[in-house]
Amino acid sequence: MEPSALSDETLVTQAREGSRDAFGVLVSRYQLQAIMMAQGVLRNSESAKDASQNAFAKAYFGLARFRGDAKFKTWLFRIVLNEAKDVYRKEITRGLFQFWSGREGSEGEEESILEIIPSSGQSPREAFEAQETKAQLERAIYELPEREREVFVLRYLNGLALSEVAETLGMALGTVKAHLAHGTVKLKSILSASAKTGLAGRQVGSQMKSI
Amino acid sequence: MENEQLTPELERLVNKVKIKEPPRNLLDGYLAGVNAKIDQRMKGPHFGFPQAVIVLVAGAALAGALYFVWRPMHSKPQILPVIASETSAQQNGGSAVWSGGKQSQNSEIASASLKTTPRNDEPKPLPSKTLSIEEEMAVLEAFSEEVTDAGVDLLGDDELLDELSTLDELELSAPRSAQPVGI
């Protein structure tokens with residue numbers, strides 16, 4: 001049987017016995033999702049790649065402790081998120097140090113983590129509005145508190161089920177639902193406020209044109 | 001995807017976007033990078049000669065700093081000024097002033113007493129102003145006491161000078177009728 005066709009549990013068992021090839025299959029299977037998950041925290045693809053690779057290395061050495069009561073995927077994603085948060089905190093500290101010492105930061109710039117789902121027959125105006133919508137949504141997501149943002153991104157942007165979100169974050173299912181509800185309400189109010197500002201801006205712009 | 005929590009507007013927005021995939025070239029050599037990190041962790045942290053030197057120097061510096069901080073906190077004068085200790089011992093009825101322990105205090109008083117008062121039955125010296133040599137000579141002359149050669153030699157001895165001045169004080173403070181014969 002092809003290794004790529006084996007289940008996660010079988011591959012984990014083989015990797016525990018020392019098979020680096022089996023672990024390699026697991027890496028190939030989840031590398032993209034791991035990078036995208038780290039990208040949601042770090043907002044930089046290079047940093048996300050490095051953090052996710054470190055997470056895979058930690059997962060390899062932690063296989064002996066993996067009890068199998070959770071899915072390997074959610075267990076791995078928890079390690080990736082924790083590693084990304086550690087990197088983020090270190091970068092914040094380093095950035096503060098560089099700010100105080102007057103040095104320029106040399107880390108990569110923040111990137112957008114979202115992209116528009118292409119649709120056929122889109123006019124240039126619609127494409128422009130879609131870009132603006134994407135930017136507004138991304139700004140609003142990053143204004144949410146950390147926990148609510150994590151739950152929202154994992155659920156609606158990474159496509160995890162509620163139970164998977166709960167396992168990844170180590171929360172109860174009810175807590176996940178509560179965070180999701182609060183996050184959604186806050187997101188709506190942030191987007192409404194920014195839409196009003198945008199509307200006011202467009203009104204000012206149209207007034208300026210008429211002068 | 002179940003969007004049971006989203007409002008229609010939010011659902012519309014969320015359905016228009018997705019998480020951006022990283023550039024494809026970022027995935028090149030990804031597995032090799034993971035294996036390299038695993039191998040690096042297997043080798044363990046590198047602890048060579050420079051690191052050992054740094055640890056030793058840092059440890060010595062810390063030990064030295066701790067010693068200099070600890071030393072003044074725990075050192076206190078062991079030997080007390082003799083007069084002060086005697087006076088305070090008399091005032092407190094022989095009780096210890098320092099917290100260094102009554103045993104050492106009393107032993108110090110005892111040894112100090114032996115040094116300054118050879119005989120215990122003599123009256124204890126009263127606090128008195130120490131006379132200069134010239135003043136003492138004047139007192140002795142006033143009482144027409146001859147200073148023997150031996151006495152002259154002993155005039156340089158501070159302890160004896162103290163005794164002489166004390167005796168003189170006693171004589172001077174005595175009633176007139178008790179003045180010594182020979183004046």
# chains A, B, ... in the order shown; residues from 1 in each chain; ligands from 1
call {"tool": "interface_residues", "arguments": {"of": "chain B", "to": "chain A", "cutoff": "10 Å", "atoms": "only C-alpha atoms", "output": "compact mmCIF listing (two decimals) with all heavy atoms, in the first residue's frame"}}
result
# COMPACT_ATOMS: atom_id res chain seq x y z
N MET B 1 -19.81 24.22 4.56
CA MET B 1 -19.43 24.80 5.86
C MET B 1 -20.67 25.36 6.54
O MET B 1 -21.44 26.08 5.91
CB MET B 1 -18.41 25.92 5.60
CG MET B 1 -17.86 26.53 6.86
SD MET B 1 -16.98 28.07 6.57
CE MET B 1 -15.78 27.59 5.36
N GLU B 2 -20.85 25.02 7.79
CA GLU B 2 -22.02 25.54 8.47
C GLU B 2 -21.71 26.93 8.98
O GLU B 2 -20.79 27.12 9.78
CB GLU B 2 -22.37 24.62 9.64
CG GLU B 2 -22.76 23.23 9.20
CD GLU B 2 -22.85 22.31 10.41
OE1 GLU B 2 -22.74 22.79 11.54
OE2 GLU B 2 -23.02 21.11 10.19
N ASN B 3 -22.46 27.89 8.53
CA ASN B 3 -22.26 29.25 8.99
C ASN B 3 -23.41 29.67 9.88
O ASN B 3 -24.02 30.71 9.69
CB ASN B 3 -22.13 30.19 7.78
CG ASN B 3 -20.86 29.91 7.01
OD1 ASN B 3 -19.93 29.34 7.53
ND2 ASN B 3 -20.85 30.27 5.75
N GLU B 4 -23.69 28.83 10.88
CA GLU B 4 -24.88 29.09 11.70
C GLU B 4 -24.73 30.33 12.54
O GLU B 4 -25.72 30.93 12.96
CB GLU B 4 -25.15 27.87 12.61
CG GLU B 4 -24.09 27.61 13.66
CD GLU B 4 -22.84 26.95 13.11
OE1 GLU B 4 -22.91 26.44 11.99
OE2 GLU B 4 -21.80 26.97 13.77
N GLN B 5 -23.47 30.80 12.80
CA GLN B 5 -23.29 31.94 13.67
C GLN B 5 -23.28 33.25 12.90
O GLN B 5 -23.37 34.31 13.48
CB GLN B 5 -21.95 31.80 14.42
CG GLN B 5 -21.85 30.55 15.26
CD GLN B 5 -22.30 30.80 16.69
OE1 GLN B 5 -22.77 31.87 17.00
NE2 GLN B 5 -22.16 29.80 17.53
N LEU B 6 -23.09 33.20 11.61
CA LEU B 6 -22.88 34.41 10.84
C LEU B 6 -24.20 35.05 10.42
O LEU B 6 -25.16 34.36 10.10
CB LEU B 6 -22.04 34.11 9.59
CG LEU B 6 -20.60 33.69 9.82
CD1 LEU B 6 -19.96 33.35 8.49
CD2 LEU B 6 -19.82 34.79 10.50
N THR B 7 -24.17 36.38 10.42
CA THR B 7 -25.29 37.11 9.84
C THR B 7 -25.17 37.00 8.32
O THR B 7 -24.09 36.69 7.80
CB THR B 7 -25.24 38.57 10.28
OG1 THR B 7 -23.99 39.13 9.82
CG2 THR B 7 -25.32 38.70 11.79
N GLU B 9 -24.90 39.30 6.11
CA GLU B 9 -23.87 40.17 5.52
C GLU B 9 -22.49 39.58 5.72
O GLU B 9 -21.66 39.54 4.80
CB GLU B 9 -23.90 41.57 6.16
CG GLU B 9 -25.20 42.34 5.98
CD GLU B 9 -26.20 42.00 7.05
OE1 GLU B 9 -25.81 41.55 8.15
OE2 GLU B 9 -27.40 42.13 6.80
N LEU B 10 -22.26 39.11 6.95
CA LEU B 10 -20.95 38.54 7.25
C LEU B 10 -20.70 37.28 6.43
O LEU B 10 -19.60 37.05 5.93
CB LEU B 10 -20.84 38.19 8.74
CG LEU B 10 -20.12 39.22 9.62
CD1 LEU B 10 -20.13 38.78 11.06
CD2 LEU B 10 -18.71 39.47 9.15
N GLU B 11 -21.74 36.49 6.28
CA GLU B 11 -21.60 35.26 5.52
C GLU B 11 -21.24 35.58 4.07
O GLU B 11 -20.38 34.92 3.47
CB GLU B 11 -22.92 34.48 5.56
CG GLU B 11 -22.78 33.05 5.06
CD GLU B 11 -24.05 32.25 5.27
OE1 GLU B 11 -24.95 32.72 5.99
OE2 GLU B 11 -24.14 31.16 4.69
N LEU B 13 -19.61 38.22 3.08
CA LEU B 13 -18.22 38.68 3.06
C LEU B 13 -17.25 37.51 3.20
O LEU B 13 -16.25 37.41 2.46
CB LEU B 13 -17.97 39.65 4.23
CG LEU B 13 -18.53 41.06 4.10
CD1 LEU B 13 -18.34 41.83 5.39
CD2 LEU B 13 -17.89 41.80 2.94
N VAL B 14 -17.53 36.64 4.13
CA VAL B 14 -16.63 35.52 4.41
C VAL B 14 -16.54 34.58 3.21
O VAL B 14 -15.48 34.04 2.89
CB VAL B 14 -17.09 34.77 5.68
CG1 VAL B 14 -16.40 33.42 5.80
CG2 VAL B 14 -16.82 35.62 6.91
N ASN B 15 -17.67 34.43 2.53
CA ASN B 15 -17.68 33.52 1.37
C ASN B 15 -16.91 34.09 0.19
O ASN B 15 -16.61 33.36 -0.76
CB ASN B 15 -19.11 33.21 0.96
CG ASN B 15 -19.79 32.29 1.96
OD1 ASN B 15 -19.11 31.58 2.71
ND2 ASN B 15 -21.11 32.30 2.01
N LYS B 16 -16.60 35.40 0.24
CA LYS B 16 -15.88 36.01 -0.89
C LYS B 16 -14.37 35.84 -0.73
O LYS B 16 -13.62 36.07 -1.69
CB LYS B 16 -16.18 37.51 -0.94
CG LYS B 16 -17.46 37.87 -1.63
CD LYS B 16 -17.56 39.38 -1.76
CE LYS B 16 -18.85 39.73 -2.44
NZ LYS B 16 -19.02 41.19 -2.55
N VAL B 17 -13.90 35.54 0.48
CA VAL B 17 -12.46 35.50 0.74
C VAL B 17 -12.06 34.11 1.23
O VAL B 17 -12.91 33.30 1.63
CB VAL B 17 -12.03 36.56 1.79
CG1 VAL B 17 -12.35 37.96 1.29
CG2 VAL B 17 -12.68 36.30 3.12
N LYS B 18 -10.76 33.87 1.19
CA LYS B 18 -10.21 32.65 1.76
C LYS B 18 -8.80 32.98 2.26
O LYS B 18 -8.23 34.03 1.91
CB LYS B 18 -10.16 31.52 0.72
CG LYS B 18 -9.28 31.86 -0.49
CD LYS B 18 -9.17 30.67 -1.42
CE LYS B 18 -8.21 31.03 -2.56
NZ LYS B 18 -7.93 29.87 -3.44
N ILE B 19 -8.27 32.07 3.03
CA ILE B 19 -6.89 32.25 3.52
C ILE B 19 -5.96 32.11 2.32
O ILE B 19 -6.08 31.17 1.51
CB ILE B 19 -6.52 31.19 4.57
CG1 ILE B 19 -7.30 31.41 5.87
CG2 ILE B 19 -5.03 31.20 4.86
CD1 ILE B 19 -6.67 32.37 6.84
N LYS B 20 -5.03 33.05 2.23
CA LYS B 20 -4.12 33.06 1.09
C LYS B 20 -3.12 31.91 1.20
O LYS B 20 -2.53 31.69 2.27
CB LYS B 20 -3.36 34.40 1.07
CG LYS B 20 -2.57 34.65 -0.20
CD LYS B 20 -2.14 36.09 -0.31
CE LYS B 20 -0.99 36.37 0.62
NZ LYS B 20 -0.45 37.74 0.41
N GLU B 21 -2.95 31.17 0.11
CA GLU B 21 -1.95 30.11 0.13
C GLU B 21 -0.56 30.71 -0.03
O GLU B 21 -0.39 31.70 -0.74
CB GLU B 21 -2.22 29.12 -1.01
CG GLU B 21 -3.43 28.23 -0.72
CD GLU B 21 -3.56 27.11 -1.73
OE1 GLU B 21 -2.64 26.92 -2.56
OE2 GLU B 21 -4.59 26.41 -1.70
N PRO B 22 0.43 30.11 0.61
CA PRO B 22 1.79 30.66 0.47
C PRO B 22 2.31 30.45 -0.95
O PRO B 22 1.80 29.56 -1.66
CB PRO B 22 2.61 29.87 1.50
CG PRO B 22 1.85 28.61 1.69
CD PRO B 22 0.41 28.94 1.49
N PRO B 23 3.32 31.19 -1.36
CA PRO B 23 3.88 30.98 -2.70
C PRO B 23 4.41 29.56 -2.84
O PRO B 23 4.92 28.98 -1.87
CB PRO B 23 5.04 32.00 -2.78
CG PRO B 23 4.85 32.93 -1.64
CD PRO B 23 3.99 32.28 -0.64
N ARG B 24 4.29 29.00 -4.02
CA ARG B 24 4.68 27.61 -4.22
C ARG B 24 6.16 27.38 -3.94
O ARG B 24 6.54 26.30 -3.46
CB ARG B 24 4.36 27.18 -5.66
CG ARG B 24 2.88 26.88 -5.89
CD ARG B 24 2.46 25.62 -5.17
NE ARG B 24 1.06 25.64 -4.80
CZ ARG B 24 0.43 24.68 -4.13
NH1 ARG B 24 1.10 23.61 -3.74
NH2 ARG B 24 -0.83 24.78 -3.82
N LEU B 26 7.82 28.53 -1.70
CA LEU B 26 8.05 28.42 -0.26
C LEU B 26 8.02 26.95 0.19
O LEU B 26 8.62 26.57 1.18
CB LEU B 26 6.97 29.20 0.49
CG LEU B 26 7.36 29.76 1.86
CD1 LEU B 26 8.30 30.92 1.72
CD2 LEU B 26 6.12 30.19 2.62
N LEU B 27 7.31 26.13 -0.59
CA LEU B 27 7.18 24.73 -0.20
C LEU B 27 8.38 23.90 -0.67
O LEU B 27 8.52 22.75 -0.26
CB LEU B 27 5.89 24.14 -0.79
CG LEU B 27 4.60 24.77 -0.23
CD1 LEU B 27 3.39 24.26 -0.99
CD2 LEU B 27 4.45 24.46 1.24
N TYR B 30 10.73 21.99 1.83
CA TYR B 30 10.09 22.10 3.16
C TYR B 30 10.40 20.88 4.01
O TYR B 30 10.81 21.00 5.17
CB TYR B 30 8.57 22.26 2.98
CG TYR B 30 7.85 22.56 4.28
CD1 TYR B 30 7.65 23.86 4.71
CD2 TYR B 30 7.37 21.52 5.07
CE1 TYR B 30 6.98 24.14 5.89
CE2 TYR B 30 6.71 21.79 6.26
CZ TYR B 30 6.53 23.10 6.67
OH TYR B 30 5.88 23.37 7.85
N LEU B 31 10.23 19.70 3.43
CA LEU B 31 10.47 18.47 4.20
C LEU B 31 11.93 18.36 4.60
O LEU B 31 12.25 17.93 5.72
CB LEU B 31 10.04 17.24 3.37
CG LEU B 31 10.21 15.88 4.03
CD1 LEU B 31 9.45 15.81 5.35
CD2 LEU B 31 9.74 14.77 3.08
N ALA B 32 12.83 18.77 3.68
CA ALA B 32 14.26 18.73 4.01
C ALA B 32 14.56 19.65 5.19
O ALA B 32 15.38 19.32 6.06
CB ALA B 32 15.09 19.14 2.79
N GLY B 33 13.87 20.79 5.20
CA GLY B 33 14.05 21.72 6.32
C GLY B 33 13.58 21.12 7.64
O GLY B 33 14.23 21.28 8.68
N VAL B 34 12.46 20.40 7.59
CA VAL B 34 11.96 19.75 8.82
C VAL B 34 12.96 18.70 9.30
O VAL B 34 13.28 18.63 10.49
CB VAL B 34 10.57 19.12 8.55
CG1 VAL B 34 10.13 18.28 9.75
CG2 VAL B 34 9.53 20.18 8.24
N ASN B 35 13.46 17.89 8.36
CA ASN B 35 14.43 16.85 8.73
C ASN B 35 15.71 17.46 9.30
O ASN B 35 16.30 16.92 10.25
CB ASN B 35 14.76 15.98 7.52
CG ASN B 35 13.64 14.99 7.21
OD1 ASN B 35 12.95 14.52 8.11
ND2 ASN B 35 13.43 14.68 5.93
N ALA B 36 16.12 18.59 8.74
CA ALA B 36 17.32 19.25 9.25
C ALA B 36 17.10 19.72 10.69
O ALA B 36 17.99 19.59 11.54
CB ALA B 36 17.68 20.43 8.36
N LYS B 37 15.93 20.24 10.95
CA LYS B 37 15.63 20.71 12.32
C LYS B 37 15.57 19.52 13.28
O LYS B 37 16.00 19.62 14.44
CB LYS B 37 14.33 21.50 12.36
CG LYS B 37 14.46 22.87 11.70
CD LYS B 37 13.16 23.66 11.76
CE LYS B 37 13.20 24.90 10.90
NZ LYS B 37 14.05 25.96 11.41
N ILE B 38 15.03 18.40 12.82
CA ILE B 38 14.98 17.21 13.67
C ILE B 38 16.40 16.74 13.99
O ILE B 38 16.73 16.43 15.14
CB ILE B 38 14.17 16.08 12.99
CG1 ILE B 38 12.68 16.46 12.95
CG2 ILE B 38 14.36 14.76 13.71
CD1 ILE B 38 11.83 15.52 12.10
N ASP B 39 17.25 16.70 12.95
CA ASP B 39 18.64 16.25 13.15
C ASP B 39 19.38 17.18 14.09
O ASP B 39 20.17 16.75 14.93
CB ASP B 39 19.38 16.17 11.81
CG ASP B 39 18.82 15.08 10.91
OD1 ASP B 39 18.24 14.11 11.46
OD2 ASP B 39 18.95 15.19 9.68
N GLN B 40 19.10 18.49 13.96
CA GLN B 40 19.77 19.46 14.82
C GLN B 40 19.38 19.26 16.28
O GLN B 40 20.22 19.31 17.19
CB GLN B 40 19.36 20.87 14.38
CG GLN B 40 20.24 21.98 14.92
CD GLN B 40 19.81 23.33 14.37
OE1 GLN B 40 18.72 23.49 13.83
NE2 GLN B 40 20.66 24.32 14.51
N ARG B 41 18.12 19.00 16.53
CA ARG B 41 17.67 18.76 17.90
C ARG B 41 18.21 17.44 18.44
O ARG B 41 18.46 17.31 19.63
CB ARG B 41 16.16 18.76 17.97
CG ARG B 41 15.54 20.15 17.96
CD ARG B 41 14.04 20.07 17.81
NE ARG B 41 13.42 19.58 19.02
CZ ARG B 41 12.64 20.31 19.80
NH1 ARG B 41 12.39 21.55 19.50
NH2 ARG B 41 12.09 19.79 20.87
N MET B 42 18.44 16.47 17.54
CA MET B 42 18.97 15.18 17.98
C MET B 42 20.39 15.32 18.45
O MET B 42 20.81 14.65 19.40
CB MET B 42 18.91 14.17 16.83
CG MET B 42 17.62 13.43 16.76
SD MET B 42 17.67 12.21 15.45
CE MET B 42 16.14 11.37 15.76
call {"tool": "atom_distance", "arguments": {"atom1": "CA of Glu148 in chain A", "atom2": "CA of Val165 in chain A"}}
result
11.6 Å
call {"tool": "select_by_dssp", "arguments": {"residues": "range 11-121 of chain A", "states": "alpha helix (DSSP H)", "output": "ChimeraX atom specification"}}
result
/A:11-16,20-42,45-62,72-101
call {"tool": "atom_distance", "arguments": {"atom1": "CA of Ile92 in chain A", "atom2": "CA of Ser47 in chain A"}}
result
13.2 Å
call {"tool": "atom_distance", "arguments": {"atom1": "CA of Thr168 in chain A", "atom2": "CA of Ala70 in chain A"}}
result
9.1 Å
